[in-house]
Amino acid sequence: MVPFAGYSLPIQYSGLSAEHQAVRTRAGLFDVSHMGELRVRGAGAVGFLNGLITNDLERIAEGQAVYTCACREDGGILDDLILYKHRQDDVLVVCNASNLDKIWAHLSERSQGVPSITLENESAQTALLALQGPVALAILARIEPNLAHLESELRPFRFIESRLAGRPLTIARTGYTGEDGVELFCKNGDAGAIWDALIEVGTPLGLLPAGLGCRDTLRLEARLSLYGNEIDETTNPLEAGLGWTVKLGKSDFLGRPALLAAQERGLSRRIVGFEMLDRGSARHGYPFVDDAGRTIGVCTSGGPSPTLGKAIGLGYLPVESSELGTRFLVDCRGKTLCAQVVATPFYRRS
């Protein structure tokens with residue numbers, strides 16, 4: 001267990017590798033209640049939020065969610081978010097725990113003078129459990145047979161209000177592992193009963209409790225960004241490989257002029273995926289260097305891939321050095337090792 005953002009969080013239960021493989025082949029259960037949940041209500045909720053995010057909340061229907069970035073005026077990323085559109089006047093914003101205070105302050109400041117908007121920080125009252133893996137939805141159906149339809153009818157980034165183990169909750173087909181699965185929003189007081197029911201029914205199917213250690217290796221294999229590593233206020237979504245979340249054609253939003261200008265002048269650097277050709281692993285912060293020893297980039301995440309059996313990573317390189325197959329060097333604490341740019345995601349479920 002480690003302290004993080006005011007919570008005590010599990011790094012591992014039975015072991016990182018065992019938990020990682022459980023998620024890839026069966027199922028894992030994560031307690032991610034440290035995530036922030038902010039509710040935006042009012043007649044202008046969708047329009048208000050659309051002016052603060054890169055993606056287009058107007059385009060999705062009620063009962064859908066959207067992944068997006070919230071940017072500063074200069075295009076730097078304040079946080080990456082998932083917005084759940086319950087109704088036109090009711091949207092749940094899920095942010096990273098480390099950015100909760102910042103995003104709350106950002107929304108509060110921007111809502112000044114917008115009388116139709118009300119904000120509520122529901123983080124302390126909300127628990128969030130992530131059930132991920134190929135048999136995740138089968139576990140739900142064994143607890144509540146009336147949820148058997150979810151596998152065929154609840155599409156990715158959709159959510160419904162339901163009940164599990166006799167408790168009300170929101171079931172969203174979202175996750176951070178590269179596997180199929182759901183995230184379950186419930187009241188804090190109901191989380192224990194829901195967790196216990198999932199463990200009891202899921203254990204015979206191979207479910208394991210899973211910690212933050214394998215959550216990181218899983219998301220790295222799936223090439224999912226981690227705030228503070230791949231993205232922060234010094235990076236913009238275009239260079240971070242998140243250009244698909246930027247809808248420059250929609251009405252104006254915070255950071256749009258800066259992102260338009262960045263697109264027009266062209267990027268100087270780009271996030272890449274790489275694998276190590278020499279024995280060893282690159283880690284967050286390790287410099288990328290050229291043959292002359294000059295620093296040309298930086299590793300943002302890296303380590304051994306339990307699924308692939310090789311060392312992989314993400315990092316920023318100059319655009320001219322970012323093509324697939326390009327080789328470069330990593331300064332691993334004074335030892336220079338060779339790496340090669342490869343296609344991502346490193347792992348994609350079949």
# chains A, B, ... in the order shown; residues from 1 in each chain; ligands from 1
>>> residues_around(residues="Gly175 in chain A", least_positions_apart="6", cutoff="9 Å", atoms="only C-alpha atoms", output="ChimeraX atom specification")
/A:130-132,181-183
>>> write_last_selection(atoms="N, CA and C atoms", output="compact mmCIF listing (two decimals), in the first residue's frame")
# COMPACT_ATOMS: atom_id res chain seq x y z
N ALA A 130 -13.24 -0.91 -10.96
CA ALA A 130 -13.03 -1.25 -12.36
C ALA A 130 -12.90 -2.77 -12.48
N LEU A 131 -13.85 -3.38 -13.17
CA LEU A 131 -13.85 -4.82 -13.43
C LEU A 131 -13.44 -5.00 -14.88
N GLN A 132 -12.25 -5.53 -15.11
CA GLN A 132 -11.66 -5.55 -16.44
C GLN A 132 -11.19 -6.95 -16.82
N GLY A 181 -14.40 -4.55 -20.46
CA GLY A 181 -14.75 -4.48 -19.05
C GLY A 181 -15.63 -3.30 -18.74
N VAL A 182 -15.83 -3.07 -17.46
CA VAL A 182 -16.72 -2.00 -17.01
C VAL A 182 -16.09 -1.27 -15.84
N GLU A 183 -16.58 -0.04 -15.62
CA GLU A 183 -16.29 0.71 -14.42
C GLU A 183 -17.60 0.95 -13.70
>>> closest_residue(among="A:Ser111, A:Ser8, A:Thr126, A:Thr336", to="Thr295 in chain A", atoms="only C-alpha atoms")
A:Thr336
>>> select_by_dssp(residues="range 84-246 of chain A", states="alpha helix (DSSP H)", output="PyMOL selection string")
chain A and resi 100-111+136-143+150-153+188-202+212-221
>>> write_last_selection(atoms="N, CA and C atoms", output="tab-separated table (two decimals), in the first residue's frame")
chain	number	residue	atom	x	y	z
A	100	LEU	N	-7.54	16.81	-9.09
A	100	LEU	CA	-8.90	17.11	-8.64
A	100	LEU	C	-9.04	18.56	-8.22
A	101	ASP	N	-8.15	19.04	-7.35
A	101	ASP	CA	-8.27	20.41	-6.88
A	101	ASP	C	-8.11	21.40	-8.04
A	102	LYS	N	-7.19	21.09	-8.94
A	102	LYS	CA	-6.95	21.99	-10.08
A	102	LYS	C	-8.17	22.06	-11.01
A	103	ILE	N	-8.76	20.91	-11.31
A	103	ILE	CA	-9.91	20.90	-12.22
A	103	ILE	C	-11.14	21.51	-11.54
A	104	TRP	N	-11.30	21.25	-10.24
A	104	TRP	CA	-12.41	21.88	-9.51
A	104	TRP	C	-12.27	23.40	-9.56
A	105	ALA	N	-11.07	23.90	-9.31
A	105	ALA	CA	-10.84	25.35	-9.35
A	105	ALA	C	-11.06	25.90	-10.76
A	106	HIS	N	-10.63	25.14	-11.76
A	106	HIS	CA	-10.79	25.55	-13.16
A	106	HIS	C	-12.28	25.67	-13.52
A	107	LEU	N	-13.06	24.66	-13.18
A	107	LEU	CA	-14.49	24.71	-13.48
A	107	LEU	C	-15.18	25.81	-12.68
A	108	SER	N	-14.79	25.97	-11.43
A	108	SER	CA	-15.41	26.99	-10.58
A	108	SER	C	-15.14	28.39	-11.13
A	109	GLU	N	-13.90	28.62	-11.53
A	109	GLU	CA	-13.55	29.94	-12.06
A	109	GLU	C	-14.29	30.22	-13.36
A	110	ARG	N	-14.33	29.24	-14.22
A	110	ARG	CA	-14.97	29.45	-15.53
A	110	ARG	C	-16.49	29.54	-15.44
A	111	SER	N	-17.06	29.02	-14.36
A	111	SER	CA	-18.52	29.06	-14.22
A	111	SER	C	-19.02	30.35	-13.58
A	136	ALA	N	-15.24	-10.27	-17.61
A	136	ALA	CA	-15.81	-9.26	-16.71
A	136	ALA	C	-17.33	-9.21	-16.79
A	137	LEU	N	-17.86	-9.18	-18.00
A	137	LEU	CA	-19.31	-9.04	-18.15
A	137	LEU	C	-20.03	-10.33	-17.77
A	138	ALA	N	-19.36	-11.46	-17.95
A	138	ALA	CA	-19.96	-12.73	-17.51
A	138	ALA	C	-20.10	-12.77	-15.99
A	139	ILE	N	-19.16	-12.16	-15.29
A	139	ILE	CA	-19.25	-12.10	-13.83
A	139	ILE	C	-20.45	-11.27	-13.40
A	140	LEU	N	-20.66	-10.14	-14.04
A	140	LEU	CA	-21.84	-9.32	-13.72
A	140	LEU	C	-23.12	-10.12	-13.94
A	141	ALA	N	-23.19	-10.85	-15.05
A	141	ALA	CA	-24.40	-11.61	-15.38
A	141	ALA	C	-24.65	-12.73	-14.39
A	142	ARG	N	-23.60	-13.29	-13.79
A	142	ARG	CA	-23.80	-14.36	-12.80
A	142	ARG	C	-24.35	-13.79	-11.49
A	143	ILE	N	-24.01	-12.55	-11.20
A	143	ILE	CA	-24.56	-11.93	-9.99
A	143	ILE	C	-25.99	-11.48	-10.23
A	150	LEU	N	-25.81	-7.02	-21.37
A	150	LEU	CA	-24.82	-5.95	-21.49
A	150	LEU	C	-23.73	-6.28	-22.50
A	151	GLU	N	-23.30	-7.54	-22.54
A	151	GLU	CA	-22.20	-7.90	-23.43
A	151	GLU	C	-22.52	-7.58	-24.88
A	152	SER	N	-23.76	-7.76	-25.29
A	152	SER	CA	-24.13	-7.50	-26.68
A	152	SER	C	-24.74	-6.13	-26.88
A	153	GLU	N	-25.29	-5.53	-25.84
A	153	GLU	CA	-26.06	-4.30	-26.03
A	153	GLU	C	-25.40	-3.04	-25.47
A	188	ASN	N	-20.10	5.34	-1.57
A	188	ASN	CA	-19.03	4.75	-0.76
A	188	ASN	C	-19.52	3.61	0.11
A	189	GLY	N	-20.67	3.81	0.74
A	189	GLY	CA	-21.17	2.81	1.67
A	189	GLY	C	-21.58	1.51	1.02
A	190	ASP	N	-21.75	1.51	-0.31
A	190	ASP	CA	-22.16	0.30	-1.03
A	190	ASP	C	-20.98	-0.45	-1.65
A	191	ALA	N	-19.81	0.18	-1.66
A	191	ALA	CA	-18.67	-0.38	-2.40
A	191	ALA	C	-18.23	-1.73	-1.83
A	192	GLY	N	-18.23	-1.87	-0.50
A	192	GLY	CA	-17.78	-3.12	0.10
A	192	GLY	C	-18.63	-4.31	-0.31
A	193	ALA	N	-19.95	-4.12	-0.28
A	193	ALA	CA	-20.85	-5.21	-0.65
A	193	ALA	C	-20.70	-5.58	-2.13
A	194	ILE	N	-20.53	-4.57	-2.98
A	194	ILE	CA	-20.36	-4.84	-4.41
A	194	ILE	C	-19.03	-5.54	-4.67
A	195	TRP	N	-17.97	-5.07	-4.02
A	195	TRP	CA	-16.66	-5.72	-4.15
A	195	TRP	C	-16.74	-7.18	-3.73
A	196	ASP	N	-17.34	-7.43	-2.57
A	196	ASP	CA	-17.41	-8.80	-2.05
A	196	ASP	C	-18.20	-9.71	-2.98
A	197	ALA	N	-19.29	-9.19	-3.54
A	197	ALA	CA	-20.09	-10.00	-4.47
A	197	ALA	C	-19.30	-10.34	-5.73
A	198	LEU	N	-18.54	-9.38	-6.24
A	198	LEU	CA	-17.74	-9.62	-7.44
A	198	LEU	C	-16.65	-10.65	-7.17
A	199	ILE	N	-15.99	-10.55	-6.01
A	199	ILE	CA	-14.94	-11.50	-5.66
A	199	ILE	C	-15.51	-12.90	-5.48
A	200	GLU	N	-16.64	-12.99	-4.79
A	200	GLU	CA	-17.23	-14.30	-4.52
A	200	GLU	C	-17.62	-15.02	-5.81
A	201	VAL	N	-18.27	-14.31	-6.70
A	201	VAL	CA	-18.73	-14.92	-7.95
A	201	VAL	C	-17.60	-15.04	-8.97
A	202	GLY	N	-16.69	-14.06	-8.96
A	202	GLY	CA	-15.65	-14.04	-9.99
A	202	GLY	C	-14.47	-14.95	-9.74
A	212	LEU	N	-2.36	-1.08	-8.46
A	212	LEU	CA	-1.93	-0.04	-9.38
A	212	LEU	C	-0.70	-0.45	-10.18
A	213	GLY	N	0.06	-1.42	-9.69
A	213	GLY	CA	1.23	-1.86	-10.43
A	213	GLY	C	0.87	-2.43	-11.78
A	214	CYS	N	-0.07	-3.37	-11.82
A	214	CYS	CA	-0.45	-3.94	-13.11
A	214	CYS	C	-1.35	-3.01	-13.90
A	215	ARG	N	-2.03	-2.10	-13.22
A	215	ARG	CA	-2.81	-1.09	-13.95
A	215	ARG	C	-1.88	-0.28	-14.85
A	216	ASP	N	-0.66	-0.03	-14.35
A	216	ASP	CA	0.30	0.74	-15.13
A	216	ASP	C	0.87	-0.09	-16.28
A	217	THR	N	1.21	-1.35	-16.05
A	217	THR	CA	1.74	-2.17	-17.14
A	217	THR	C	0.68	-2.45	-18.20
A	218	LEU	N	-0.56	-2.61	-17.78
A	218	LEU	CA	-1.65	-2.85	-18.72
A	218	LEU	C	-1.89	-1.62	-19.59
A	219	ARG	N	-1.94	-0.45	-18.97
A	219	ARG	CA	-2.23	0.76	-19.77
A	219	ARG	C	-1.06	1.09	-20.69
A	220	LEU	N	0.19	0.76	-20.26
A	220	LEU	CA	1.34	1.01	-21.12
A	220	LEU	C	1.27	0.12	-22.36
A	221	GLU	N	0.97	-1.16	-22.18
A	221	GLU	CA	0.85	-2.05	-23.34
A	221	GLU	C	-0.23	-1.56	-24.30
>>> closest_residue(among="A:Glu122, A:Leu16, A:Gln21, A:Arg158", to="Tyr67 in chain A", atoms="only C-alpha atoms")
A:Arg158
>>> residues_around(residues="Ile82 in chain A", least_positions_apart="3", cutoff="12 Å", atoms="only C-alpha atoms", output="NGL selection string")
:A and (35-38 or 49 or 53-57 or 64-70 or 79 or 85 or 91-96 or 157-158 or 172-176 or 183 or 245)
>>> residues_around(residues="Leu207 in chain A", least_positions_apart="5", cutoff="8 Å", atoms="only C-alpha atoms", output="MDAnalysis selection string")
chainID A and resid 22:23 26:29 199 202
>>> atom_distance(atom1="CA of Pro115 in chain A", atom2="CA of Gly51 in chain A")
15.9 Å
>>> residues_around(residues="Ala43 in chain A", least_positions_apart="2", cutoff="7 Å", atoms="only C-alpha atoms", output="list in words")
Ala45, Asp89 and Ser116 of chain A
>>> write_last_selection(atoms="C-alpha atoms", output="PDB file, in the first residue's frame")
ATOM      1  CA  ALA A  45     -24.125  22.243 -18.735  1.00  0.00           C
ATOM      2  CA  ASP A  89     -28.392  19.275 -18.001  1.00  0.00           C
ATOM      3  CA  SER A 116     -27.521  28.333 -15.119  1.00  0.00           C
TER       4      SER A 116
END
>>> select_by_dssp(residues="range 73-318 of chain A", states="strand (DSSP E or B)", output="PyMOL selection string")
chain A and resi 77-87+90-95+118-121+126-132+158-164+167-172+181-187+207-209+227+231+269-276+287-289+295-305+310-318
>>> residues_around(residues="Leu169 in chain A", least_positions_apart="3", cutoff="10 Å", atoms="only C-alpha atoms", output="PyMOL selection string")
chain A and resi 127-128+160-166+172+184-187+190-191+194
>>> residues_around(residues="Arg294 in chain A", least_positions_apart="6", cutoff="12 Å", atoms="only C-alpha atoms", output="MDAnalysis selection string")
chainID A and resid 287:288 328:331 336
>>> atom_distance(atom1="CA of Val46 in chain A", atom2="CA of Ala262 in chain A")
26.6 Å
>>> closest_residue(among="A:Ala343, A:Ile77, A:Val40, A:Ile271", to="Leu254 in chain A", atoms="only C-alpha atoms")
A:Ile77
>>> decode(residues="range 14-41 of chain A", atoms="N, CA and C atoms", output="PDB file, in the first residue's frame")
ATOM      1  N   SER A  14      -1.625 -10.223  -5.062  1.00  0.00           N
ATOM      2  CA  SER A  14      -0.913 -11.503  -5.193  1.00  0.00           C
ATOM      3  C   SER A  14       0.369 -11.372  -5.992  1.00  0.00           C
ATOM      4  N   GLY A  15       0.559 -10.246  -6.663  1.00  0.00           N
ATOM      5  CA  GLY A  15       1.765 -10.041  -7.468  1.00  0.00           C
ATOM      6  C   GLY A  15       1.431  -9.395  -8.793  1.00  0.00           C
ATOM      7  N   LEU A  16       2.275  -8.501  -9.239  1.00  0.00           N
ATOM      8  CA  LEU A  16       2.007  -7.721 -10.454  1.00  0.00           C
ATOM      9  C   LEU A  16       1.798  -8.618 -11.668  1.00  0.00           C
ATOM     10  N   SER A  17       2.690  -9.573 -11.883  1.00  0.00           N
ATOM     11  CA  SER A  17       2.596 -10.413 -13.075  1.00  0.00           C
ATOM     12  C   SER A  17       1.324 -11.253 -13.082  1.00  0.00           C
ATOM     13  N   ALA A  18       0.993 -11.852 -11.931  1.00  0.00           N
ATOM     14  CA  ALA A  18      -0.213 -12.678 -11.850  1.00  0.00           C
ATOM     15  C   ALA A  18      -1.460 -11.840 -12.093  1.00  0.00           C
ATOM     16  N   GLU A  19      -1.492 -10.646 -11.534  1.00  0.00           N
ATOM     17  CA  GLU A  19      -2.658  -9.783 -11.707  1.00  0.00           C
ATOM     18  C   GLU A  19      -2.766  -9.288 -13.149  1.00  0.00           C
ATOM     19  N   HIS A  20      -1.634  -8.946 -13.744  1.00  0.00           N
ATOM     20  CA  HIS A  20      -1.611  -8.515 -15.141  1.00  0.00           C
ATOM     21  C   HIS A  20      -2.181  -9.607 -16.052  1.00  0.00           C
ATOM     22  N   GLN A  21      -1.693 -10.837 -15.885  1.00  0.00           N
ATOM     23  CA  GLN A  21      -2.155 -11.930 -16.725  1.00  0.00           C
ATOM     24  C   GLN A  21      -3.619 -12.266 -16.463  1.00  0.00           C
ATOM     25  N   ALA A  22      -4.069 -12.097 -15.225  1.00  0.00           N
ATOM     26  CA  ALA A  22      -5.490 -12.327 -14.934  1.00  0.00           C
ATOM     27  C   ALA A  22      -6.364 -11.384 -15.737  1.00  0.00           C
ATOM     28  N   VAL A  23      -5.977 -10.109 -15.804  1.00  0.00           N
ATOM     29  CA  VAL A  23      -6.763  -9.138 -16.566  1.00  0.00           C
ATOM     30  C   VAL A  23      -6.730  -9.458 -18.053  1.00  0.00           C
ATOM     31  N   ARG A  24      -5.592  -9.866 -18.558  1.00  0.00           N
ATOM     32  CA  ARG A  24      -5.480 -10.167 -19.988  1.00  0.00           C
ATOM     33  C   ARG A  24      -6.247 -11.441 -20.382  1.00  0.00           C
ATOM     34  N   THR A  25      -6.340 -12.405 -19.479  1.00  0.00           N
ATOM     35  CA  THR A  25      -6.913 -13.702 -19.857  1.00  0.00           C
ATOM     36  C   THR A  25      -8.235 -14.019 -19.168  1.00  0.00           C
ATOM     37  N   ARG A  26      -8.484 -13.392 -18.020  1.00  0.00           N
ATOM     38  CA  ARG A  26      -9.721 -13.686 -17.273  1.00  0.00           C
ATOM     39  C   ARG A  26     -10.346 -12.380 -16.788  1.00  0.00           C
ATOM     40  N   ALA A  27      -9.988 -11.931 -15.590  1.00  0.00           N
ATOM     41  CA  ALA A  27     -10.517 -10.660 -15.101  1.00  0.00           C
ATOM     42  C   ALA A  27      -9.741 -10.196 -13.881  1.00  0.00           C
ATOM     43  N   GLY A  28      -9.695  -8.886 -13.706  1.00  0.00           N
ATOM     44  CA  GLY A  28      -9.114  -8.267 -12.523  1.00  0.00           C
ATOM     45  C   GLY A  28     -10.070  -7.216 -11.991  1.00  0.00           C
ATOM     46  N   LEU A  29     -10.025  -7.004 -10.682  1.00  0.00           N
ATOM     47  CA  LEU A  29     -10.896  -6.029 -10.033  1.00  0.00           C
ATOM     48  C   LEU A  29     -10.037  -4.977  -9.345  1.00  0.00           C
ATOM     49  N   PHE A  30     -10.196  -3.736  -9.756  1.00  0.00           N
ATOM     50  CA  PHE A  30      -9.432  -2.610  -9.232  1.00  0.00           C
ATOM     51  C   PHE A  30     -10.343  -1.701  -8.410  1.00  0.00           C
ATOM     52  N   ASP A  31      -9.827  -1.211  -7.288  1.00  0.00           N
ATOM     53  CA  ASP A  31     -10.489  -0.135  -6.555  1.00  0.00           C
ATOM     54  C   ASP A  31      -9.799   1.168  -6.945  1.00  0.00           C
ATOM     55  N   VAL A  32     -10.481   1.981  -7.736  1.00  0.00           N
ATOM     56  CA  VAL A  32      -9.911   3.254  -8.199  1.00  0.00           C
ATOM     57  C   VAL A  32     -10.759   4.423  -7.697  1.00  0.00           C
ATOM     58  N   SER A  33     -11.186   4.291  -6.447  1.00  0.00           N
ATOM     59  CA  SER A  33     -12.049   5.311  -5.850  1.00  0.00           C
ATOM     60  C   SER A  33     -11.333   6.630  -5.607  1.00  0.00           C
ATOM     61  N   HIS A  34     -10.013   6.654  -5.830  1.00  0.00           N
ATOM     62  CA  HIS A  34      -9.290   7.916  -5.688  1.00  0.00           C
ATOM     63  C   HIS A  34      -9.575   8.878  -6.837  1.00  0.00           C
ATOM     64  N   MET A  35     -10.122   8.408  -7.935  1.00  0.00           N
ATOM     65  CA  MET A  35     -10.436   9.295  -9.058  1.00  0.00           C
ATOM     66  C   MET A  35     -11.433  10.361  -8.633  1.00  0.00           C
ATOM     67  N   GLY A  36     -11.370  11.514  -9.297  1.00  0.00           N
ATOM     68  CA  GLY A  36     -12.265  12.618  -8.954  1.00  0.00           C
ATOM     69  C   GLY A  36     -13.546  12.586  -9.758  1.00  0.00           C
ATOM     70  N   GLU A  37     -14.662  12.879  -9.096  1.00  0.00           N
ATOM     71  CA  GLU A  37     -15.974  12.941  -9.761  1.00  0.00           C
ATOM     72  C   GLU A  37     -16.609  14.299  -9.486  1.00  0.00           C
ATOM     73  N   LEU A  38     -16.792  15.073 -10.534  1.00  0.00           N
ATOM     74  CA  LEU A  38     -17.366  16.406 -10.426  1.00  0.00           C
ATOM     75  C   LEU A  38     -18.631  16.460 -11.262  1.00  0.00           C
ATOM     76  N   ARG A  39     -19.719  16.913 -10.660  1.00  0.00           N
ATOM     77  CA  ARG A  39     -21.007  16.947 -11.347  1.00  0.00           C
ATOM     78  C   ARG A  39     -21.304  18.368 -11.798  1.00  0.00           C
ATOM     79  N   VAL A  40     -21.651  18.499 -13.073  1.00  0.00           N
ATOM     80  CA  VAL A  40     -22.022  19.795 -13.646  1.00  0.00           C
ATOM     81  C   VAL A  40     -23.485  19.706 -14.064  1.00  0.00           C
ATOM     82  N   ARG A  41     -24.306  20.559 -13.471  1.00  0.00           N
ATOM     83  CA  ARG A  41     -25.738  20.543 -13.761  1.00  0.00           C
ATOM     84  C   ARG A  41     -26.211  21.925 -14.205  1.00  0.00           C
TER      85      ARG A  41
END
